[in-house]
Every structure is written in structure tokens, then in C-alpha cells.
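The block underneath contains the structure these notes are about, expressed in C-alpha cells.
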Amino acid sequence: MWSETLQLTLSADTDPSVLESLLREHLPALPGLLHLGFGQNLPGSWGAADCTLDLLFAEIPPAALDDILGSLPGIAGFQRVPYQRIGGGLREPAMTGGTWRTLLLRVRPDASAEQRAALEQDLLRMPAYMPGIRNWQLSRVTSPSPWTHVWQQEFAQVEDLLGEYLSHPYHWAWVDRWFDPDCPDWTVDAIAHAFCPFQQSLLGWAAEFSEN
């Protein structure tokens, strides 16, 4: 299975709902497309574009994906980030109508293998302290990109992200040291934080497909 998350920059006056209809009309023609998730990034997102598009393919998508995205009216630019899951979990795989959060992050080139592994371990421990994280997945980026990792979570409501997750003591007292340039453990030197509504759990659907 091939997974990608994309940040879409929209042209001025583009209606995201119209663009979503165009994406759902044109992208299913691509061979092997298994799932399409789309959402307009909500206020409070930063370092990201206007919308998040997530795609699952049975195999590496054809080059036509770039052609289709480049030809659709309303898309001024896009960034593709393919990734491979390294860990995650499910509490509510069938959830609908929640909030989808994507954190793109870049590990410093001079970070050690030990630092990278410890960062990944600490991120994957977060749900143990935060029940509001209903489903989660940490992945490594698999193609040349400004990013090295994709950290994704699904929440039943946006308040669980903006409240419990962003203000939790485990976040600020433990995980934040990897992101703080004033800390000796500093490992991550760039991030993009995007969150948007979703219709159906991407992570639950992907897990079900992987088991079949």
C-alpha cells in the first residue's frame, strides 16, 4: 500500500467544496486508488497550506497524479509527502465526523540515530497519556522531501486537539524538548501543523485494508 498526504494551496476565491468535488470526480480514474480524504485546514493551522488531501493506493501511483492535480482549476500549488507507517494504534477505527490532524516534521540532518529513535518512541507514547487521541499513526517519509516524518491523529472533536493534546504536561514537559532549539535534546528543526474535519477515519480504513 502507498500512502501520501498532500498540502494544497488554493487559488484566490476558490471554493474548497467545489475543489473536493473535482478531486472526487477525477482522482478515482487513477489505477489502484483505495481511499481519498479531503479537508479544509482550520484556523490555527500553521506552516501548512489551505487544504489537506490524503490518498491511499494499492501501489505507487502513476505520474498522472501530478498531471491531474496540476490541471484542476483552483489548485495554485501542492506538496506531496509519501510515507511508510512505523507505528500507531486504534481506539475507534469506525469513527466519523471528527478532526484529522497532520504534523509534518523534519529531523535535523546531524541528529543521531539514537535521538531519532527516542523522538519516535516519545511521539508514539503520547496516546497512552491522552485518551482524546482516538487513532494515531507515525510514519517516515519515503521520498526526497523537506520533511522526514508524518505524525497523524484522529480526534472526536477539535477541542481534544486544541485542549488536551496541545496543553498536556507530557507534551510540554517531555516531548517538547525534541522541538526546542534551546534544549540539549533538540532534534526537530521544522514543522507544519494542519488540522481539518474528516468524514471517515483514514487510519481505521487503512488498517482494515492491510488486514485483508
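All residue names refer to the C-alpha cells as shown: chains lettered A, B, ... in order, residues numbered from 1 in each chain, ligands numbered from 1 in order.
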As a list in words, please: the residues near region 166-178 of chain A (cut-off 9 Å, only C-alpha atoms, same-chain neighbours under 6 positions excluded).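 With the cut-off at 9 Å, the set is Gln115, Leu119, Asp122, Leu123, Met126, Tyr129, Met130, Asp160, Pro184, Asp185, Trp186, Thr187, Val188 and Asp189 of chain A.
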Suppose we keep all heavy atoms; can you now write the selection as a compact mmCIF listing (two decimals), in the first residue's frame?
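Writing the result to out_10.txt gives the following:
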```txt
# COMPACT_ATOMS: atom_id res chain seq x y z
N GLN A 115 18.84 9.73 18.84
CA GLN A 115 17.89 10.83 19.00
C GLN A 115 16.64 10.59 18.17
O GLN A 115 15.51 10.79 18.63
CB GLN A 115 18.53 12.15 18.59
CG GLN A 115 19.53 12.70 19.59
CD GLN A 115 20.19 13.96 19.07
OE1 GLN A 115 20.76 13.98 17.97
NE2 GLN A 115 20.13 15.03 19.84
N LEU A 119 12.88 10.15 19.75
CA LEU A 119 11.79 11.03 19.34
C LEU A 119 10.60 10.21 18.88
O LEU A 119 9.46 10.46 19.31
CB LEU A 119 12.27 11.93 18.20
CG LEU A 119 11.17 12.64 17.39
CD1 LEU A 119 10.48 13.70 18.23
CD2 LEU A 119 11.75 13.25 16.11
N ASP A 122 8.85 8.58 21.84
CA ASP A 122 8.09 9.51 22.68
C ASP A 122 6.80 9.96 22.01
O ASP A 122 5.76 10.13 22.67
CB ASP A 122 8.95 10.73 23.03
CG ASP A 122 9.98 10.42 24.12
OD1 ASP A 122 9.90 9.32 24.70
OD2 ASP A 122 10.86 11.27 24.36
N LEU A 123 6.83 10.17 20.70
CA LEU A 123 5.60 10.53 20.00
C LEU A 123 4.57 9.40 20.09
O LEU A 123 3.38 9.64 20.35
CB LEU A 123 5.90 10.84 18.53
CG LEU A 123 6.67 12.14 18.26
CD1 LEU A 123 7.02 12.25 16.77
CD2 LEU A 123 5.87 13.36 18.70
N MET A 126 2.46 9.19 23.29
CA MET A 126 1.51 10.25 23.64
C MET A 126 0.09 9.73 23.87
O MET A 126 -0.58 10.15 24.83
CB MET A 126 1.53 11.34 22.57
CG MET A 126 2.83 12.10 22.48
SD MET A 126 2.83 13.45 21.27
CE MET A 126 2.06 14.75 22.24
N TYR A 129 -1.16 8.76 27.35
CA TYR A 129 -1.45 9.82 28.30
C TYR A 129 -2.66 10.66 27.89
O TYR A 129 -3.16 11.44 28.72
CB TYR A 129 -0.23 10.74 28.45
CG TYR A 129 0.99 10.05 28.99
CD1 TYR A 129 1.91 9.44 28.13
CD2 TYR A 129 1.23 9.98 30.36
CE1 TYR A 129 3.03 8.79 28.63
CE2 TYR A 129 2.35 9.33 30.86
CZ TYR A 129 3.24 8.73 29.98
OH TYR A 129 4.36 8.08 30.49
N MET A 130 -3.10 10.53 26.65
CA MET A 130 -4.14 11.41 26.10
C MET A 130 -5.25 10.58 25.47
O MET A 130 -5.18 10.22 24.29
CB MET A 130 -3.52 12.35 25.06
CG MET A 130 -2.37 13.16 25.59
SD MET A 130 -1.55 14.13 24.30
CE MET A 130 -0.02 14.55 25.13
N ASP A 160 -10.39 18.36 21.67
CA ASP A 160 -9.44 17.38 22.20
C ASP A 160 -8.02 17.64 21.68
O ASP A 160 -7.05 17.35 22.36
CB ASP A 160 -9.87 15.96 21.83
CG ASP A 160 -11.14 15.55 22.54
OD1 ASP A 160 -11.40 16.07 23.65
OD2 ASP A 160 -11.89 14.72 21.99
N PRO A 184 19.11 20.79 25.05
CA PRO A 184 20.20 19.93 24.55
C PRO A 184 19.72 18.77 23.68
O PRO A 184 20.49 18.26 22.87
CB PRO A 184 20.85 19.41 25.84
CG PRO A 184 20.51 20.41 26.88
CD PRO A 184 19.14 20.92 26.52
N ASP A 185 18.45 18.37 23.85
CA ASP A 185 17.92 17.24 23.07
C ASP A 185 17.32 17.67 21.73
O ASP A 185 16.74 16.83 21.03
CB ASP A 185 16.85 16.50 23.88
CG ASP A 185 17.42 15.79 25.09
OD1 ASP A 185 18.54 15.26 24.98
OD2 ASP A 185 16.75 15.76 26.14
N TRP A 186 17.46 18.93 21.38
CA TRP A 186 16.84 19.46 20.15
C TRP A 186 17.14 18.56 18.95
O TRP A 186 18.29 18.30 18.63
CB TRP A 186 17.35 20.87 19.89
CG TRP A 186 16.81 21.50 18.64
CD1 TRP A 186 15.52 21.47 18.20
CD2 TRP A 186 17.55 22.28 17.71
NE1 TRP A 186 15.40 22.19 17.04
CE2 TRP A 186 16.63 22.68 16.70
CE3 TRP A 186 18.88 22.67 17.60
CZ2 TRP A 186 17.02 23.46 15.62
CZ3 TRP A 186 19.26 23.44 16.53
CH2 TRP A 186 18.35 23.83 15.55
N THR A 187 16.06 18.10 18.29
CA THR A 187 16.19 17.16 17.18
C THR A 187 15.39 17.58 15.96
O THR A 187 15.78 17.28 14.83
CB THR A 187 15.72 15.75 17.64
OG1 THR A 187 16.55 15.33 18.72
CG2 THR A 187 15.81 14.73 16.52
N VAL A 188 14.26 18.27 16.15
CA VAL A 188 13.37 18.67 15.05
C VAL A 188 13.54 20.15 14.77
O VAL A 188 13.38 20.98 15.68
CB VAL A 188 11.90 18.35 15.41
CG1 VAL A 188 10.96 18.84 14.30
CG2 VAL A 188 11.71 16.87 15.66
N ASP A 189 13.87 20.49 13.52
CA ASP A 189 14.13 21.91 13.22
C ASP A 189 13.08 22.56 12.35
O ASP A 189 13.21 23.75 12.01
CB ASP A 189 15.51 22.08 12.60
CG ASP A 189 15.66 21.42 11.24
OD1 ASP A 189 14.68 20.85 10.73
OD2 ASP A 189 16.77 21.47 10.68
```
Counting only C-alpha atoms, which residues of region 42-119 of chain A fall within 6 Å of region 195-203 of chain A, and what is the closest atom pair for each with its distance in Å at one decimal, ordered by chain and rising number, as CSV?
```
residue,atom,partner,partner_atom,distance
A:Leu42,CA,A:Cys196,CA,5.4
A:Met95,CA,A:Ser201,CA,5.7
A:Thr96,CA,A:Gln200,CA,4.5
A:Gly97,CA,A:Gln199,CA,4.8
A:Gly98,CA,A:Phe198,CA,5.7
A:Thr99,CA,A:Pro197,CA,4.5
A:Trp100,CA,A:Cys196,CA,5.4
A:Arg101,CA,A:Phe195,CA,4.2
```
Once you have the residues from the selection above, write them out as a PDB file, in the first residue's frame, restricted to N, CA and C atoms.
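As written to disk, selection_19.pdb reads:
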```
ATOM      1  N   LEU A  42      -8.263  24.206   9.226  1.00  0.00           N
ATOM      2  CA  LEU A  42      -8.987  25.118  10.096  1.00  0.00           C
ATOM      3  C   LEU A  42      -8.074  26.217  10.628  1.00  0.00           C
ATOM      4  N   MET A  95     -14.765   5.542  13.541  1.00  0.00           N
ATOM      5  CA  MET A  95     -15.264   6.879  13.855  1.00  0.00           C
ATOM      6  C   MET A  95     -15.491   7.709  12.595  1.00  0.00           C
ATOM      7  N   THR A  96     -16.457   8.598  12.680  1.00  0.00           N
ATOM      8  CA  THR A  96     -16.798   9.505  11.583  1.00  0.00           C
ATOM      9  C   THR A  96     -16.971  10.912  12.149  1.00  0.00           C
ATOM     10  N   GLY A  97     -16.808  11.880  11.275  1.00  0.00           N
ATOM     11  CA  GLY A  97     -17.123  13.249  11.643  1.00  0.00           C
ATOM     12  C   GLY A  97     -16.245  13.866  12.704  1.00  0.00           C
ATOM     13  N   GLY A  98     -14.962  13.518  12.735  1.00  0.00           N
ATOM     14  CA  GLY A  98     -14.065  14.075  13.727  1.00  0.00           C
ATOM     15  C   GLY A  98     -13.095  15.093  13.149  1.00  0.00           C
ATOM     16  N   THR A  99     -11.956  15.234  13.819  1.00  0.00           N
ATOM     17  CA  THR A  99     -10.907  16.172  13.392  1.00  0.00           C
ATOM     18  C   THR A  99      -9.648  15.387  13.070  1.00  0.00           C
ATOM     19  N   TRP A 100      -9.103  15.649  11.907  1.00  0.00           N
ATOM     20  CA  TRP A 100      -7.910  14.977  11.390  1.00  0.00           C
ATOM     21  C   TRP A 100      -6.738  15.933  11.529  1.00  0.00           C
ATOM     22  N   ARG A 101      -5.693  15.489  12.222  1.00  0.00           N
ATOM     23  CA  ARG A 101      -4.522  16.342  12.431  1.00  0.00           C
ATOM     24  C   ARG A 101      -3.294  15.713  11.784  1.00  0.00           C
TER      25      ARG A 101
END
```
Which residues are near Thr142 (chain A)? Cut-off 9 Å, only C-alpha atoms, ignore same chain within fewer than 6 positions. Put them as a list in words.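 That gives Val81, Pro82, Tyr83, Gln84 and Thr148 of chain A.
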Could you write out that same residue set with C-alpha atoms as a compact mmCIF listing (two decimals), in the first residue's frame?
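Written output follows (again_19.txt):
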```
# COMPACT_ATOMS: atom_id res chain seq x y z
CA VAL A 81 4.60 13.73 1.03
CA PRO A 82 4.67 9.92 0.63
CA TYR A 83 5.27 7.94 3.78
CA GLN A 84 5.57 4.48 5.34
CA THR A 148 11.29 13.33 7.43
```
Can you check which residues of chain A DSSP gives as strand (DSSP E or B) on the backbone and send them as a PyMOL selection string? chain A and resi 2-10+33-40+43+45-46+51-57+75-90+96+99-107+133-141+149-155+188-197+200
Write out as a PyMOL selection string all residues of region 11-208 of chain A that backbone DSSP assigns to helix (DSSP H, G or I). chain A and resi 16-29+64-71+113-129+158-167+169-173+175-178+202-208
Which residues are close to region 5-8 of chain A, i.e. within 7 Å by only C-alpha atoms, leaving aside same-chain residues fewer than 4 positions away? Reply as a ChimeraX atom specification. /A:48-55,75,77-82
Dump all heavy atoms for the selected residues as an mmCIF file, in the first residue's frame?
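Dumped to again_39.cif:
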```cif
data_model
loop_
_atom_site.group_PDB
_atom_site.id
_atom_site.type_symbol
_atom_site.label_atom_id
_atom_site.label_comp_id
_atom_site.auth_asym_id
_atom_site.auth_seq_id
_atom_site.Cartn_x
_atom_site.Cartn_y
_atom_site.Cartn_z
ATOM 1 N N ALA A 48 1.321 25.256 7.128
ATOM 2 C CA ALA A 48 0.666 24.373 6.176
ATOM 3 C C ALA A 48 0.000 25.204 5.086
ATOM 4 O O ALA A 48 0.061 26.435 5.090
ATOM 5 C CB ALA A 48 -0.364 23.499 6.887
ATOM 6 N N ALA A 49 -0.664 24.513 4.151
ATOM 7 C CA ALA A 49 -1.351 25.203 3.065
ATOM 8 C C ALA A 49 -2.834 25.348 3.425
ATOM 9 O O ALA A 49 -3.200 25.373 4.600
ATOM 10 C CB ALA A 49 -1.147 24.443 1.757
ATOM 11 N N ASP A 50 -3.686 25.414 2.393
ATOM 12 C CA ASP A 50 -5.108 25.683 2.627
ATOM 13 C C ASP A 50 -5.921 24.424 2.926
ATOM 14 O O ASP A 50 -6.888 24.478 3.688
ATOM 15 C CB ASP A 50 -5.708 26.386 1.403
ATOM 16 C CG ASP A 50 -5.046 27.722 1.123
ATOM 17 O OD1 ASP A 50 -4.993 28.552 2.044
ATOM 18 O OD2 ASP A 50 -4.568 27.927 -0.012
ATOM 19 N N CYS A 51 -5.548 23.312 2.319
ATOM 20 C CA CYS A 51 -6.314 22.076 2.463
ATOM 21 C C CYS A 51 -5.375 20.887 2.584
ATOM 22 O O CYS A 51 -4.244 20.924 2.094
ATOM 23 C CB CYS A 51 -7.240 21.855 1.258
ATOM 24 S SG CYS A 51 -8.529 23.116 1.071
ATOM 25 N N THR A 52 -5.881 19.845 3.234
ATOM 26 C CA THR A 52 -5.148 18.585 3.347
ATOM 27 C C THR A 52 -5.842 17.528 2.509
ATOM 28 O O THR A 52 -7.056 17.350 2.607
ATOM 29 C CB THR A 52 -5.078 18.118 4.808
ATOM 30 O OG1 THR A 52 -4.355 19.084 5.585
ATOM 31 C CG2 THR A 52 -4.379 16.771 4.917
ATOM 32 N N LEU A 53 -5.075 16.843 1.684
ATOM 33 C CA LEU A 53 -5.573 15.744 0.858
ATOM 34 C C LEU A 53 -4.769 14.504 1.216
ATOM 35 O O LEU A 53 -3.541 14.541 1.212
ATOM 36 C CB LEU A 53 -5.408 16.081 -0.625
ATOM 37 C CG LEU A 53 -5.711 14.964 -1.633
ATOM 38 C CD1 LEU A 53 -7.191 14.582 -1.605
ATOM 39 C CD2 LEU A 53 -5.292 15.395 -3.039
ATOM 40 N N ASP A 54 -5.468 13.425 1.536
ATOM 41 C CA ASP A 54 -4.797 12.163 1.851
ATOM 42 C C ASP A 54 -5.246 11.093 0.878
ATOM 43 O O ASP A 54 -6.450 10.941 0.611
ATOM 44 C CB ASP A 54 -5.096 11.742 3.285
ATOM 45 C CG ASP A 54 -4.341 12.583 4.290
ATOM 46 O OD1 ASP A 54 -3.146 12.311 4.500
ATOM 47 O OD2 ASP A 54 -4.939 13.519 4.843
ATOM 48 N N LEU A 55 -4.282 10.346 0.356
ATOM 49 C CA LEU A 55 -4.554 9.328 -0.661
ATOM 50 C C LEU A 55 -3.909 8.006 -0.261
ATOM 51 O O LEU A 55 -2.767 7.981 0.211
ATOM 52 C CB LEU A 55 -4.005 9.768 -2.018
ATOM 53 C CG LEU A 55 -4.523 11.095 -2.582
ATOM 54 C CD1 LEU A 55 -3.758 11.464 -3.848
ATOM 55 C CD2 LEU A 55 -6.014 11.029 -2.863
ATOM 56 N N ILE A 75 -6.360 24.892 -7.893
ATOM 57 C CA ILE A 75 -5.143 24.489 -7.201
ATOM 58 C C ILE A 75 -3.978 25.338 -7.700
ATOM 59 O O ILE A 75 -3.571 25.242 -8.853
ATOM 60 C CB ILE A 75 -4.832 22.998 -7.416
ATOM 61 C CG1 ILE A 75 -5.959 22.129 -6.857
ATOM 62 C CG2 ILE A 75 -3.506 22.626 -6.751
ATOM 63 C CD1 ILE A 75 -5.729 20.640 -7.027
ATOM 64 N N GLY A 77 -0.974 25.318 -6.138
ATOM 65 C CA GLY A 77 0.247 24.558 -5.881
ATOM 66 C C GLY A 77 -0.044 23.420 -4.925
ATOM 67 O O GLY A 77 -1.079 23.401 -4.250
ATOM 68 N N PHE A 78 0.855 22.458 -4.876
ATOM 69 C CA PHE A 78 0.663 21.329 -3.963
ATOM 70 C C PHE A 78 2.007 20.729 -3.592
ATOM 71 O O PHE A 78 2.984 20.825 -4.333
ATOM 72 C CB PHE A 78 -0.252 20.259 -4.583
ATOM 73 C CG PHE A 78 0.237 19.694 -5.896
ATOM 74 C CD1 PHE A 78 1.073 18.581 -5.934
ATOM 75 C CD2 PHE A 78 -0.141 20.277 -7.091
ATOM 76 C CE1 PHE A 78 1.509 18.063 -7.142
ATOM 77 C CE2 PHE A 78 0.296 19.763 -8.315
ATOM 78 C CZ PHE A 78 1.120 18.652 -8.337
ATOM 79 N N GLN A 79 2.034 20.118 -2.426
ATOM 80 C CA GLN A 79 3.227 19.425 -1.935
ATOM 81 C C GLN A 79 2.833 17.994 -1.591
ATOM 82 O O GLN A 79 1.960 17.757 -0.750
ATOM 83 C CB GLN A 79 3.788 20.114 -0.696
ATOM 84 C CG GLN A 79 5.056 19.461 -0.145
ATOM 85 C CD GLN A 79 5.536 20.106 1.134
ATOM 86 O OE1 GLN A 79 4.800 20.230 2.111
ATOM 87 N NE2 GLN A 79 6.793 20.537 1.139
ATOM 88 N N ARG A 80 3.483 17.034 -2.221
ATOM 89 C CA ARG A 80 3.224 15.620 -1.975
ATOM 90 C C ARG A 80 4.232 15.075 -0.964
ATOM 91 O O ARG A 80 5.434 15.302 -1.095
ATOM 92 C CB ARG A 80 3.307 14.817 -3.271
ATOM 93 C CG ARG A 80 2.243 15.179 -4.289
ATOM 94 C CD ARG A 80 2.451 14.444 -5.609
ATOM 95 N NE ARG A 80 2.486 12.979 -5.441
ATOM 96 C CZ ARG A 80 2.655 12.124 -6.448
ATOM 97 N NH1 ARG A 80 2.813 12.591 -7.694
ATOM 98 N NH2 ARG A 80 2.673 10.823 -6.220
ATOM 99 N N VAL A 81 3.731 14.330 0.027
ATOM 100 C CA VAL A 81 4.599 13.731 1.034
ATOM 101 C C VAL A 81 4.232 12.252 1.174
ATOM 102 O O VAL A 81 3.305 11.894 1.908
ATOM 103 C CB VAL A 81 4.460 14.441 2.400
ATOM 104 C CG1 VAL A 81 5.455 13.856 3.401
ATOM 105 C CG2 VAL A 81 4.671 15.946 2.258
ATOM 106 N N PRO A 82 4.918 11.361 0.474
ATOM 107 C CA PRO A 82 4.673 9.921 0.630
ATOM 108 C C PRO A 82 5.343 9.399 1.890
ATOM 109 O O PRO A 82 6.405 9.881 2.291
ATOM 110 C CB PRO A 82 5.306 9.323 -0.627
ATOM 111 C CG PRO A 82 6.389 10.287 -0.984
ATOM 112 C CD PRO A 82 5.929 11.654 -0.547
#
```
Hey, can you check how far CA of Thr14 (chain A) sits from CA of Ala64 (chain A)?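 One can read the CA of Thr14 (chain A) to CA of Ala64 (chain A) distance as 22.8 Å.
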Have a look at A:Val18, A:Ala111, A:Val150, A:Ala207 and name the one nearest to Asn135 (chain A); count only C-alpha atoms. A:Ala207
Report as a count of residues only all protein, DNA and RNA residues lying within 10 Å of Arg91 (chain A), evaluated on only C-alpha atoms, omitting residues in the same chain fewer than 6 positions from it. 9
